[in-house]
Each structure stands twice: as C-alpha cells, then as structure tokens.
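In what follows, a structure is listed as structure tokens, so that the remarks can point back to it.
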Amino acid sequence: MKQFTKEISEQENFLVYIYTPFCGTCQLARSMLEKIEQVHKQDIFFEMNASLHPEFMQEKQIESVPCLLVKEKGEYVEKVYTFHSIPNIYSYLMKYKPQLFQEQ
C-alpha cells in the first residue's frame, strides 16, 4: 500500500485504508487488504495513519478505525468500518474498481 498524501487527496477516485498503529482490528484489516493486493500484483489501496491526520479525520467525519474511505468522481461516497472478510472487501472492489476484474 502506498502512503496517502495531499496530492492523492486531490485525485478523483481512490480507496484509502485508515488505521492506527496499535489497533488489533486494524492489523487484521490490513492483512486482508495486503492479500488482495498480492493477488492482483498491484497497489489498490492507499493507507493513512489516523493519528497523524486529526484534521482530515474530523473533516471527513471518520468515526472509528479501521475505515476504508471511498472517493469516486470527486465525492466521498462510502465509509466501510466492518471488513468482515476478503470476499466482503471484494464486493466493494467490484463496485468501485471494476477494472480489476476485466480481462487483460
């Protein structure tokens, strides 16, 4: 996963995984996202340490971590707080990153 930066925040579309370093649930969520990236052999998610970006957290009204924040067509459209399983995360990828599933 690549670090989330101010430049990235200006992009039209992205998925950012928001976490805190000492959160056990965040570590479990991270392992799911990393497995998905390994399967696709590419960076799909950006990551942000919530502790380092309190203004962003307040501005986007992030209620808890882990959180998968989805921006599409310039709008923040979804906040996912429960990761459940890898297939569950794939349901969001099919919705917001359908190009991952198209034949090359």
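Convention: chains lettered A, B, ... in structure tokens order; per-chain residue numbering from 1; ligands numbered from 1 as shown.
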
As number ranges by chain, please: the residues near Lys60 (chain A) (cut-off 12 Å, only C-alpha atoms, same-chain neighbours under 6 positions excluded).
A: 9, 18, 50, 53-54, 67, 69-71, 75-79

Which residues in chain A does DSSP call strand (DSSP E or B)? List them as a PyMOL selection string.
chain A and resi 2-3+14-19+46-49+67-72+75-80

Would you output that residue set with C-alpha atoms, as a PDB file, in the first residue's frame?
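Printed below is out-v3.pdb as written:
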```pdb
ATOM      1  CA  LYS A   2       1.178   3.488  -0.759  1.00  0.00           C
ATOM      2  CA  GLN A   3       1.030   6.324   1.742  1.00  0.00           C
ATOM      3  CA  PHE A  14      -9.304   6.323  -4.605  1.00  0.00           C
ATOM      4  CA  LEU A  15      -9.686   3.886  -1.725  1.00  0.00           C
ATOM      5  CA  VAL A  16      -7.843   4.814   1.460  1.00  0.00           C
ATOM      6  CA  TYR A  17      -7.378   2.464   4.399  1.00  0.00           C
ATOM      7  CA  ILE A  18      -7.355   4.479   7.631  1.00  0.00           C
ATOM      8  CA  TYR A  19      -5.832   2.868  10.716  1.00  0.00           C
ATOM      9  CA  PHE A  46      -3.657   3.965  -0.055  1.00  0.00           C
ATOM     10  CA  GLU A  47      -3.010   3.967   3.681  1.00  0.00           C
ATOM     11  CA  MET A  48      -3.270   6.698   6.287  1.00  0.00           C
ATOM     12  CA  ASN A  49      -2.315   6.657   9.945  1.00  0.00           C
ATOM     13  CA  CYS A  67     -12.015   2.537   7.904  1.00  0.00           C
ATOM     14  CA  LEU A  68     -11.957   2.136   4.149  1.00  0.00           C
ATOM     15  CA  LEU A  69     -12.848   5.548   2.727  1.00  0.00           C
ATOM     16  CA  VAL A  70     -14.010   5.585  -0.879  1.00  0.00           C
ATOM     17  CA  LYS A  71     -13.800   8.619  -3.147  1.00  0.00           C
ATOM     18  CA  GLU A  72     -15.405   8.373  -6.569  1.00  0.00           C
ATOM     19  CA  GLU A  75     -17.040  12.795  -3.955  1.00  0.00           C
ATOM     20  CA  TYR A  76     -16.516  10.799  -0.776  1.00  0.00           C
ATOM     21  CA  VAL A  77     -19.191   8.175  -1.306  1.00  0.00           C
ATOM     22  CA  GLU A  78     -18.680   5.476   1.321  1.00  0.00           C
ATOM     23  CA  LYS A  79     -17.005   4.690   4.645  1.00  0.00           C
ATOM     24  CA  VAL A  80     -16.579   0.996   5.394  1.00  0.00           C
TER      25      VAL A  80
END
```

Could you tell me, as a VMD selection string, which residues of chain A DSSP assigns to alpha helix (DSSP H) when given the backbone?
chain A and resid 6 to 9 24 to 40 54 to 59 86 to 96

Could you name the residues that touch Thr25 (chain A) at 9 Å or less, counting only C-alpha atoms, but leaving out those on the same chain fewer than 3 positions away, as an NGL selection string?
:A and (28-30 or 65-66)

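Counting only C-alpha atoms, the residue from A:Tyr96, A:Glu7, A:Lys41, A:Pro87 that sits nearest to Lys73 (chain A) is A:Tyr96.
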
Long-range neighbours of Phe101 (chain A) as an MDAnalysis selection string, 12 Å cut-off, only C-alpha atoms, 5 positions minimum in chain:
chainID A and resid 39:40 90:91 93:96

Fewer than 4 positions away in the same chain doesn't count, so skip those; otherwise give me all residues within 10 Å of Asp43 (chain A), counting only C-alpha atoms, as a PyMOL selection string.
chain A and resi 1-2+33-34+36-38

Output file for the residues above (N, CA, C and O atoms, as a tab-separated table (two decimals), in the first residue's frame):
```tsv
chain	number	residue	atom	x	y	z
A	1	MET	N	0.84	-1.18	0.00
A	1	MET	CA	0.00	0.00	0.00
A	1	MET	C	0.88	1.24	0.00
A	1	MET	O	1.91	1.26	0.66
A	2	LYS	N	0.45	2.22	-0.72
A	2	LYS	CA	1.18	3.49	-0.76
A	2	LYS	C	0.60	4.43	0.28
A	2	LYS	O	-0.58	4.36	0.61
A	33	LEU	N	-6.36	-6.60	3.16
A	33	LEU	CA	-6.09	-5.71	2.03
A	33	LEU	C	-4.77	-6.07	1.35
A	33	LEU	O	-4.67	-6.04	0.12
A	34	GLU	N	-3.77	-6.43	2.14
A	34	GLU	CA	-2.48	-6.83	1.56
A	34	GLU	C	-2.61	-8.11	0.74
A	34	GLU	O	-1.99	-8.23	-0.31
A	36	ILE	N	-5.26	-9.08	-0.90
A	36	ILE	CA	-5.91	-8.69	-2.14
A	36	ILE	C	-4.90	-8.05	-3.10
A	36	ILE	O	-4.87	-8.38	-4.29
A	37	GLU	N	-4.06	-7.17	-2.59
A	37	GLU	CA	-3.04	-6.54	-3.43
A	37	GLU	C	-2.04	-7.57	-3.97
A	37	GLU	O	-1.61	-7.48	-5.12
A	38	GLN	N	-1.70	-8.56	-3.16
A	38	GLN	CA	-0.78	-9.61	-3.62
A	38	GLN	C	-1.39	-10.41	-4.76
A	38	GLN	O	-0.71	-10.72	-5.73
```

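For the set A:Lys6, A:Gln11, A:Thr82, A:Leu100, the residue with the smallest atom-to-atom gap to Gln42 (chain A) is A:Leu100, counting only C-alpha atoms.
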
d(CA of Ile44 (chain A), CA of Glu12 (chain A)) in Å:
14.5 Å
